[in-house]
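query.pdb follows (PDB, C-alpha atoms, pLDDT in the B column):
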```
ATOM      1  CA  MET Z  40      95.794  50.233 152.542  1.00 66.00           C
ATOM      2  CA  SER Z  41      95.299  53.868 151.582  1.00 67.00           C
ATOM      3  CA  GLY Z  42      94.253  54.854 148.069  1.00 68.00           C
ATOM      4  CA  TYR Z  43      97.763  56.142 147.387  1.00 67.00           C
ATOM      5  CA  GLU Z  44      99.358  52.862 148.574  1.00 74.00           C
ATOM      6  CA  ARG Z  45      96.866  50.847 146.517  1.00 75.00           C
ATOM      7  CA  ILE Z  46      97.651  52.792 143.329  1.00 80.00           C
ATOM      8  CA  GLY Z  47     101.396  52.479 143.969  1.00 84.00           C
ATOM      9  CA  PHE Z  48     101.104  48.755 144.597  1.00 86.00           C
ATOM     10  CA  GLU Z  49      99.014  48.242 141.454  1.00 89.00           C
ATOM     11  CA  LYS Z  50     101.537  50.147 139.329  1.00 92.00           C
ATOM     12  CA  THR Z  51     104.396  48.090 140.783  1.00 92.00           C
ATOM     13  CA  LEU Z  52     102.438  44.905 140.250  1.00 92.00           C
ATOM     14  CA  ALA Z  53     101.636  45.812 136.628  1.00 94.00           C
ATOM     15  CA  PHE Z  54     105.174  46.883 135.801  1.00 96.00           C
ATOM     16  CA  HIS Z  55     106.915  43.861 137.309  1.00 96.00           C
ATOM     17  CA  THR Z  56     104.413  41.038 136.783  1.00 96.00           C
ATOM     18  CA  ALA Z  57     102.505  41.807 133.562  1.00 96.00           C
ATOM     19  CA  PRO Z  58     103.932  38.792 131.646  1.00 97.00           C
ATOM     20  CA  THR Z  59     102.700  36.459 134.382  1.00 96.00           C
ATOM     21  CA  LEU Z  60      99.350  38.169 134.840  1.00 94.00           C
ATOM     22  CA  MET Z  61      98.759  38.072 131.083  1.00 94.00           C
ATOM     23  CA  GLY Z  62      99.664  34.375 130.813  1.00 93.00           C
ATOM     24  CA  LEU Z  63     103.043  34.506 129.034  1.00 95.00           C
ATOM     25  CA  LYS Z  64     105.265  33.633 131.968  1.00 97.00           C
ATOM     26  CA  CYS Z  65     104.965  31.207 134.868  1.00 97.00           C
ATOM     27  CA  SER Z  66     106.033  33.711 137.533  1.00 98.00           C
ATOM     28  CA  ASN Z  67     107.586  37.033 138.482  1.00 97.00           C
ATOM     29  CA  LEU Z  68     108.971  38.606 141.644  1.00 96.00           C
ATOM     30  CA  ILE Z  69     108.097  41.943 143.194  1.00 94.00           C
ATOM     31  CA  SER Z  70     109.478  43.676 146.244  1.00 91.00           C
ATOM     32  CA  VAL Z  71     107.078  45.907 148.159  1.00 89.00           C
ATOM     33  CA  SER Z  72     106.986  47.673 151.501  1.00 85.00           C
ATOM     34  CA  LEU Z  73     103.413  46.634 152.251  1.00 68.00           C
ATOM     35  CA  THR Z  74     102.264  44.305 154.987  1.00 70.00           C
ATOM     36  CA  GLU Z  75     100.892  40.805 154.469  1.00 68.00           C
ATOM     37  CA  ASP Z  76      97.452  42.108 155.481  1.00 69.00           C
ATOM     38  CA  SER Z  77      97.593  44.789 152.775  1.00 74.00           C
ATOM     39  CA  ILE Z  78      98.337  42.208 150.097  1.00 79.00           C
ATOM     40  CA  ALA Z  79      95.759  39.628 151.241  1.00 80.00           C
ATOM     41  CA  PRO Z  80      92.790  41.089 149.299  1.00 81.00           C
ATOM     42  CA  TYR Z  81      94.828  41.046 146.078  1.00 81.00           C
ATOM     43  CA  ARG Z  82      95.930  37.475 146.726  1.00 85.00           C
ATOM     44  CA  THR Z  83      92.299  36.395 147.027  1.00 86.00           C
ATOM     45  CA  GLU Z  84      91.149  38.319 143.941  1.00 86.00           C
ATOM     46  CA  PHE Z  85      94.017  37.144 141.751  1.00 84.00           C
ATOM     47  CA  GLU Z  86      93.414  33.535 142.590  1.00 86.00           C
ATOM     48  CA  ARG Z  87      89.658  33.871 142.068  1.00 85.00           C
ATOM     49  CA  ARG Z  88      89.840  35.808 138.806  1.00 80.00           C
ATOM     50  CA  SER Z  89      92.879  34.361 137.064  1.00 77.00           C
ATOM     51  CA  GLY Z  90      94.323  31.436 138.983  1.00 79.00           C
ATOM     52  CA  THR Z  91      97.390  33.545 139.748  1.00 92.00           C
ATOM     53  CA  LYS Z  92      98.811  33.148 143.240  1.00 94.00           C
ATOM     54  CA  MET Z  93     100.980  35.339 145.444  1.00 93.00           C
ATOM     55  CA  LYS Z  94     103.417  33.964 148.012  1.00 93.00           C
ATOM     56  CA  VAL Z  95     105.626  36.035 150.300  1.00 91.00           C
ATOM     57  CA  LEU Z  96     109.091  34.484 150.049  1.00 93.00           C
ATOM     58  CA  CYS Z  97     110.827  36.669 152.604  1.00 91.00           C
ATOM     59  CA  GLN Z  98     110.615  39.841 154.632  1.00 87.00           C
ATOM     60  CA  CYS Z  99     113.749  41.870 155.034  1.00 82.00           C
ATOM     61  CA  ARG Z 100     114.615  45.509 155.703  1.00 79.00           C
ATOM     62  CA  GLY Z 101     110.960  46.559 155.728  1.00 81.00           C
ATOM     63  CA  LYS Z 102     110.189  44.939 152.365  1.00 87.00           C
ATOM     64  CA  GLN Z 103     108.449  41.774 151.274  1.00 89.00           C
ATOM     65  CA  LEU Z 104     109.633  39.725 148.312  1.00 92.00           C
ATOM     66  CA  ILE Z 105     106.566  38.221 146.656  1.00 93.00           C
ATOM     67  CA  LEU Z 106     106.409  35.458 144.071  1.00 96.00           C
ATOM     68  CA  VAL Z 107     103.447  36.007 141.737  1.00 96.00           C
ATOM     69  CA  TYR Z 108     102.875  32.733 139.893  1.00 97.00           C
ATOM     70  CA  ARG Z 109     100.569  30.670 137.742  1.00 96.00           C
ATOM     71  CA  GLU Z 110     100.319  27.424 139.660  1.00 95.00           C
ATOM     72  CA  ARG Z 111      99.690  24.997 136.797  1.00 95.00           C
ATOM     73  CA  GLU Z 112     102.450  26.429 134.602  1.00 97.00           C
ATOM     74  CA  LEU Z 113     105.035  26.562 137.383  1.00 98.00           C
ATOM     75  CA  LYS Z 114     104.213  23.041 138.524  1.00 97.00           C
ATOM     76  CA  LYS Z 115     104.610  21.748 134.953  1.00 97.00           C
ATOM     77  CA  LEU Z 116     107.940  23.558 134.506  1.00 98.00           C
ATOM     78  CA  LEU Z 117     109.401  22.276 137.764  1.00 98.00           C
ATOM     79  CA  ALA Z 118     108.338  18.713 136.935  1.00 96.00           C
ATOM     80  CA  GLN Z 119     110.518  18.575 133.797  1.00 97.00           C
ATOM     81  CA  PRO Z 120     113.216  15.907 134.336  1.00 97.00           C
ATOM     82  CA  GLN Z 121     116.193  18.145 133.452  1.00 98.00           C
ATOM     83  CA  ILE Z 122     114.852  20.923 135.714  1.00 98.00           C
ATOM     84  CA  MET Z 123     114.269  18.552 138.618  1.00 98.00           C
ATOM     85  CA  CYS Z 124     117.745  17.063 138.128  1.00 98.00           C
ATOM     86  CA  PHE Z 125     119.195  20.564 138.431  1.00 98.00           C
ATOM     87  CA  LEU Z 126     117.090  21.451 141.492  1.00 98.00           C
ATOM     88  CA  ARG Z 127     118.129  18.304 143.368  1.00 97.00           C
ATOM     89  CA  GLN Z 128     121.578  19.917 143.787  1.00 96.00           C
ATOM     90  CA  TYR Z 129     119.902  22.529 145.983  1.00 96.00           C
ATOM     91  CA  GLY Z 130     117.878  20.221 148.206  1.00 96.00           C
ATOM     92  CA  TYR Z 131     114.662  19.882 146.210  1.00 97.00           C
ATOM     93  CA  PHE Z 132     113.144  16.414 145.914  1.00 95.00           C
ATOM     94  CA  ASP Z 133     110.958  14.896 143.209  1.00 94.00           C
ATOM     95  CA  ALA Z 134     108.227  14.029 145.715  1.00 95.00           C
ATOM     96  CA  MET Z 135     107.884  17.638 146.920  1.00 97.00           C
ATOM     97  CA  THR Z 136     104.640  19.399 146.096  1.00 97.00           C
ATOM     98  CA  LEU Z 137     104.806  22.805 144.428  1.00 97.00           C
ATOM     99  CA  ASP Z 138     104.057  24.461 147.776  1.00 97.00           C
ATOM    100  CA  GLU Z 139     106.908  22.524 149.386  1.00 98.00           C
ATOM    101  CA  LYS Z 140     109.308  23.566 146.607  1.00 98.00           C
ATOM    102  CA  ILE Z 141     108.312  27.213 147.021  1.00 97.00           C
ATOM    103  CA  HIS Z 142     108.673  26.882 150.797  1.00 96.00           C
ATOM    104  CA  HIS Z 143     112.159  25.389 150.337  1.00 96.00           C
ATOM    105  CA  LEU Z 144     113.086  28.247 147.986  1.00 97.00           C
ATOM    106  CA  ALA Z 145     111.825  30.776 150.543  1.00 95.00           C
ATOM    107  CA  GLY Z 146     113.955  29.116 153.201  1.00 94.00           C
ATOM    108  CA  ARG Z 147     117.047  29.539 151.037  1.00 94.00           C
ATOM    109  CA  ILE Z 148     116.522  33.301 150.648  1.00 91.00           C
ATOM    110  CA  SER Z 149     118.084  35.637 153.183  1.00 80.00           C
ATOM    111  CA  CYS Z 150     118.915  39.333 153.376  1.00 66.00           C
ATOM    112  CA  GLU Z 151     122.541  38.495 152.570  1.00 69.00           C
ATOM    113  CA  SER Z 152     122.206  35.831 149.878  1.00 77.00           C
ATOM    114  CA  PHE Z 153     119.938  34.913 147.045  1.00 85.00           C
ATOM    115  CA  PRO Z 154     119.640  31.367 145.670  1.00 94.00           C
ATOM    116  CA  HIS Z 155     120.423  31.399 141.961  1.00 93.00           C
ATOM    117  CA  GLU Z 156     118.011  28.524 141.269  1.00 96.00           C
ATOM    118  CA  ILE Z 157     115.266  31.112 141.658  1.00 97.00           C
ATOM    119  CA  GLY Z 158     115.805  31.750 137.926  1.00 97.00           C
ATOM    120  CA  ILE Z 159     114.233  28.358 137.245  1.00 98.00           C
ATOM    121  CA  PHE Z 160     111.163  29.335 139.282  1.00 98.00           C
ATOM    122  CA  LEU Z 161     110.969  32.525 137.193  1.00 98.00           C
ATOM    123  CA  GLY Z 162     110.931  30.548 133.948  1.00 98.00           C
ATOM    124  CA  TYR Z 163     114.438  31.460 132.798  1.00 98.00           C
ATOM    125  CA  PRO Z 164     116.017  28.864 130.503  1.00 98.00           C
ATOM    126  CA  LEU Z 165     117.986  26.213 132.374  1.00 98.00           C
ATOM    127  CA  ALA Z 166     121.094  26.880 130.238  1.00 98.00           C
ATOM    128  CA  ASP Z 167     120.993  30.548 131.256  1.00 98.00           C
ATOM    129  CA  VAL Z 168     120.613  29.779 134.954  1.00 98.00           C
ATOM    130  CA  GLN Z 169     123.488  27.304 134.746  1.00 98.00           C
ATOM    131  CA  GLY Z 170     125.547  29.807 132.733  1.00 98.00           C
ATOM    132  CA  PHE Z 171     124.918  32.503 135.325  1.00 97.00           C
ATOM    133  CA  ILE Z 172     126.058  30.215 138.135  1.00 96.00           C
ATOM    134  CA  ARG Z 173     129.091  28.929 136.216  1.00 97.00           C
ATOM    135  CA  ASN Z 174     130.185  32.451 135.199  1.00 97.00           C
ATOM    136  CA  GLN Z 175     129.228  34.098 138.509  1.00 95.00           C
ATOM    137  CA  GLY Z 176     126.990  36.520 136.608  1.00 95.00           C
ATOM    138  CA  LYS Z 177     129.724  37.639 134.210  1.00 97.00           C
ATOM    139  CA  ASN Z 178     130.389  37.071 130.488  1.00 97.00           C
ATOM    140  CA  CYS Z 179     126.744  36.915 129.393  1.00 97.00           C
ATOM    141  CA  LEU Z 180     125.804  37.237 125.716  1.00 98.00           C
ATOM    142  CA  LEU Z 181     122.882  39.534 126.463  1.00 97.00           C
ATOM    143  CA  CYS Z 182     121.419  41.213 129.510  1.00 97.00           C
ATOM    144  CA  GLY Z 183     117.709  41.993 129.676  1.00 96.00           C
ATOM    145  CA  CYS Z 184     115.035  40.470 131.898  1.00 96.00           C
ATOM    146  CA  TRP Z 185     117.764  38.001 132.872  1.00 97.00           C
ATOM    147  CA  LYS Z 186     121.376  37.372 131.867  1.00 98.00           C
ATOM    148  CA  VAL Z 187     121.472  35.250 128.722  1.00 98.00           C
ATOM    149  CA  TYR Z 188     124.158  32.637 128.122  1.00 98.00           C
ATOM    150  CA  SER Z 189     122.584  30.371 125.493  1.00 97.00           C
ATOM    151  CA  ASP Z 190     120.167  31.740 122.872  1.00 97.00           C
ATOM    152  CA  PRO Z 191     120.238  35.536 122.571  1.00 98.00           C
ATOM    153  CA  ASP Z 192     117.904  35.696 119.561  1.00 98.00           C
ATOM    154  CA  SER Z 193     115.146  33.807 121.352  1.00 98.00           C
ATOM    155  CA  ALA Z 194     115.737  35.840 124.516  1.00 98.00           C
ATOM    156  CA  ARG Z 195     115.447  39.149 122.602  1.00 98.00           C
ATOM    157  CA  GLN Z 196     112.084  38.040 121.241  1.00 98.00           C
ATOM    158  CA  THR Z 197     110.908  37.013 124.716  1.00 98.00           C
ATOM    159  CA  PHE Z 198     112.109  40.308 126.219  1.00 98.00           C
ATOM    160  CA  ALA Z 199     110.145  42.213 123.554  1.00 98.00           C
ATOM    161  CA  GLU Z 200     106.962  40.248 124.339  1.00 97.00           C
ATOM    162  CA  TYR Z 201     107.375  40.896 128.061  1.00 98.00           C
ATOM    163  CA  THR Z 202     107.916  44.609 127.421  1.00 97.00           C
ATOM    164  CA  LYS Z 203     104.816  44.759 125.233  1.00 97.00           C
ATOM    165  CA  CYS Z 204     102.726  43.113 128.002  1.00 96.00           C
ATOM    166  CA  ARG Z 205     104.030  45.564 130.574  1.00 97.00           C
ATOM    167  CA  ASP Z 206     103.488  48.589 128.341  1.00 97.00           C
ATOM    168  CA  ILE Z 207      99.910  47.609 127.510  1.00 97.00           C
ATOM    169  CA  LEU Z 208      98.924  46.901 131.120  1.00 97.00           C
ATOM    170  CA  CYS Z 209     100.607  50.041 132.479  1.00 96.00           C
ATOM    171  CA  LYS Z 210      98.942  52.165 129.762  1.00 97.00           C
ATOM    172  CA  ASN Z 211      95.501  50.817 130.633  1.00 96.00           C
ATOM    173  CA  LEU Z 212      96.071  51.430 134.340  1.00 95.00           C
ATOM    174  CA  GLN Z 213      97.220  54.973 133.599  1.00 94.00           C
ATOM    175  CA  GLN Z 214      94.022  55.560 131.622  1.00 95.00           C
ATOM    176  CA  GLY Z 215      92.123  55.090 134.868  1.00 92.00           C
ATOM    177  CA  PHE Z 216      90.758  51.571 134.591  1.00 93.00           C
ATOM    178  CA  GLY Z 217      90.579  49.557 137.796  1.00 91.00           C
ATOM    179  CA  PHE Z 218      93.323  46.960 138.037  1.00 92.00           C
ATOM    180  CA  PHE Z 219      91.304  43.910 137.017  1.00 91.00           C
ATOM    181  CA  LYS Z 220      89.494  45.756 134.221  1.00 94.00           C
ATOM    182  CA  ALA Z 221      92.859  47.027 132.931  1.00 95.00           C
ATOM    183  CA  LEU Z 222      94.166  43.461 133.022  1.00 94.00           C
ATOM    184  CA  GLU Z 223      91.134  42.153 131.126  1.00 93.00           C
ATOM    185  CA  ILE Z 224      91.447  44.856 128.434  1.00 95.00           C
ATOM    186  CA  SER Z 225      95.211  44.325 128.206  1.00 96.00           C
ATOM    187  CA  LYS Z 226      94.826  40.585 127.596  1.00 93.00           C
ATOM    188  CA  GLU Z 227      92.445  41.332 124.712  1.00 94.00           C
ATOM    189  CA  GLU Z 228      94.819  43.936 123.240  1.00 94.00           C
ATOM    190  CA  PHE Z 229      97.827  41.652 123.508  1.00 91.00           C
ATOM    191  CA  SER Z 230      96.265  38.682 121.724  1.00 82.00           C
TER     192      SER Z 230
END
```
Let me see whether you can do it: turn the structure in this file into structure tokens.
Amino acid sequence: MSGYERIGFEKTLAFHTAPTLMGLKCSNLISVSLTEDSIAPYRTEFERRSGTKMKVLCQCRGKQLILVYRERELKKLLAQPQIMCFLRQYGYFDAMTLDEKIHHLAGRISCESFPHEIGIFLGYPLADVQGFIRNQGKNCLLCGCWKVYSDPDSARQTFAEYTKCRDILCKNLQQGFGFFKALEISKEEFS
């Protein structure tokens, strides 16, 4: 990966995944035009330094859709009885490991369609994911990081926290810190 590609990838990563990287959210998605080999060094470093993992969910039209996730938090979320009950409708089973659930999700993604249960994997409230499906993405109470159908006040607060994370991390990257140093400084500033 060239220096220019690396900087672009790091900016994209910071902008779209800061809440996950800073520990507020279980996962985020990014879409990049880099190869699996280009991302591999980041995958290794993220797991080593912060326990954050990266999984390519699909490759389509020259892009890769990557799930950046905190394994323990995502596993705990998906194990909740009401979440698992919801996911069973889409072919997920209680006995599946987290890797198997992510693999099943990846199998449901295509260039033409996107499985709406992905909102659960991204930590969106169950009521909002169900509301989105029921309303076919229309009639939401609030639109921000996701479409809100249940608790707009709580969602506004969450959106503000996510924005603050992103702004802090992007600012520290722009000041010239290396990615992992910027992340370390940002976590201290956010707390």
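Residue membership of the PyMOL selection byres ((chain Z and resi 72) around 8) in the shown file amounts to Ser70, Val71, Leu73, Thr74, Gly101, Lys102 and Gln103 of chain Z.
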Produce a file of the selected residues containing C-alpha atoms, as a PDB file, in the frame of the given file.
```
ATOM      1  CA  SER Z  70     109.478  43.676 146.244  1.00 91.00           C
ATOM      2  CA  VAL Z  71     107.078  45.907 148.159  1.00 89.00           C
ATOM      3  CA  LEU Z  73     103.413  46.634 152.251  1.00 68.00           C
ATOM      4  CA  THR Z  74     102.264  44.305 154.987  1.00 70.00           C
ATOM      5  CA  GLY Z 101     110.960  46.559 155.728  1.00 81.00           C
ATOM      6  CA  LYS Z 102     110.189  44.939 152.365  1.00 87.00           C
ATOM      7  CA  GLN Z 103     108.449  41.774 151.274  1.00 89.00           C
TER       8      GLN Z 103
END
```
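For the atom pair formed by CA of Lys114 (chain Z) and CA of Glu227 (chain Z), the distance is 25.8 Å, given to one decimal.
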Rank nothing, just name the residue among Z:Ile69, Z:Phe125, Z:Arg87, Z:Leu116 nearest to Leu104 (chain Z), using all atoms listed in the file.
Z:Ile69
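Here CA of Val107 (chain Z) stands at a distance of 5.4 Å from CA of Ser66 (chain Z).
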Report as a VMD selection string all protein, DNA and RNA residues lying within 12 Å of Phe85 (chain Z), evaluated on only C-alpha atoms, omitting residues in the same chain fewer than 4 positions from it.
chain Z and resid 52 59 to 61 78 to 81 89 to 94 107 to 110 218 to 219 222
Listing only residues of region 48-159 of chain Z within 12 Å of region 181-200 of chain Z, what is the closest atom pair and its distance in Å (to one decimal) for each, using only C-alpha atoms, sorted by chain and residue number ascending, as JSON lines?
```
{"residue": "Z:His55", "atom": "CA", "partner": "Z:Cys184", "partner_atom": "CA", "distance": 10.3}
{"residue": "Z:Thr56", "atom": "CA", "partner": "Z:Cys184", "partner_atom": "CA", "distance": 11.7}
{"residue": "Z:Ala57", "atom": "CA", "partner": "Z:Glu200", "partner_atom": "CA", "distance": 10.4}
{"residue": "Z:Pro58", "atom": "CA", "partner": "Z:Glu200", "partner_atom": "CA", "distance": 8.0}
{"residue": "Z:Thr59", "atom": "CA", "partner": "Z:Glu200", "partner_atom": "CA", "distance": 11.5}
{"residue": "Z:Met61", "atom": "CA", "partner": "Z:Glu200", "partner_atom": "CA", "distance": 10.8}
{"residue": "Z:Gly62", "atom": "CA", "partner": "Z:Glu200", "partner_atom": "CA", "distance": 11.4}
{"residue": "Z:Leu63", "atom": "CA", "partner": "Z:Glu200", "partner_atom": "CA", "distance": 8.4}
{"residue": "Z:Lys64", "atom": "CA", "partner": "Z:Thr197", "partner_atom": "CA", "distance": 9.8}
{"residue": "Z:Asn67", "atom": "CA", "partner": "Z:Cys184", "partner_atom": "CA", "distance": 10.5}
{"residue": "Z:Leu68", "atom": "CA", "partner": "Z:Cys184", "partner_atom": "CA", "distance": 11.6}
{"residue": "Z:His155", "atom": "CA", "partner": "Z:Trp185", "partner_atom": "CA", "distance": 11.5}
{"residue": "Z:Ile157", "atom": "CA", "partner": "Z:Trp185", "partner_atom": "CA", "distance": 11.4}
{"residue": "Z:Gly158", "atom": "CA", "partner": "Z:Trp185", "partner_atom": "CA", "distance": 8.3}
{"residue": "Z:Ile159", "atom": "CA", "partner": "Z:Trp185", "partner_atom": "CA", "distance": 11.2}
```
Taken to one decimal, the CA of Ser230 (chain Z)-CA of Tyr163 (chain Z) distance is 22.5 Å
Counting all atoms listed in the file, the residue among Z:Gln175, Z:Phe48, Z:Ile148, Z:Thr136 that lies closest to Cys99 (chain Z) is Z:Ile148
Using all atoms listed in the file, the best pick from Z:Arg45, Z:Ala166, Z:Glu84, Z:Phe54 as closest to Cys204 (chain Z) would be Z:Phe54
Report as JSON, numbers by chain the residues that result from applying the PyMOL selection byres ((chain Z and resi 146) around 12) to the structure here.
{"Z": [95, 96, 97, 98, 129, 130, 131, 139, 140, 141, 142, 143, 144, 145, 147, 148, 149, 150, 152, 153, 154, 157]}
Excluding Ile122 (chain Z) and residues on its chain fewer than 5 positions from it, collect all residues at most 10 Å away from it, counting only C-alpha atoms, and give them as a compact mmCIF listing (two decimals) with C-alpha atoms, keeping the file's coordinate frame.
```txt
# COMPACT_ATOMS: atom_id res chain seq x y z
CA LEU Z 116 107.94 23.56 134.51
CA LEU Z 117 109.40 22.28 137.76
CA ARG Z 127 118.13 18.30 143.37
CA GLU Z 156 118.01 28.52 141.27
CA ILE Z 159 114.23 28.36 137.24
CA PHE Z 160 111.16 29.34 139.28
CA PRO Z 164 116.02 28.86 130.50
CA LEU Z 165 117.99 26.21 132.37
```
Hey, could you pull the box centre and edge lengths for region 127-132 of chain Z, axis-aligned, 4 Å padding per side, all listed atoms, to one decimal in Å, as AutoDock Vina command-line options?
```
--center_x 117.4 --center_y 19.5 --center_z 145.8 --size_x 16.4 --size_y 14.1 --size_z 12.8
```
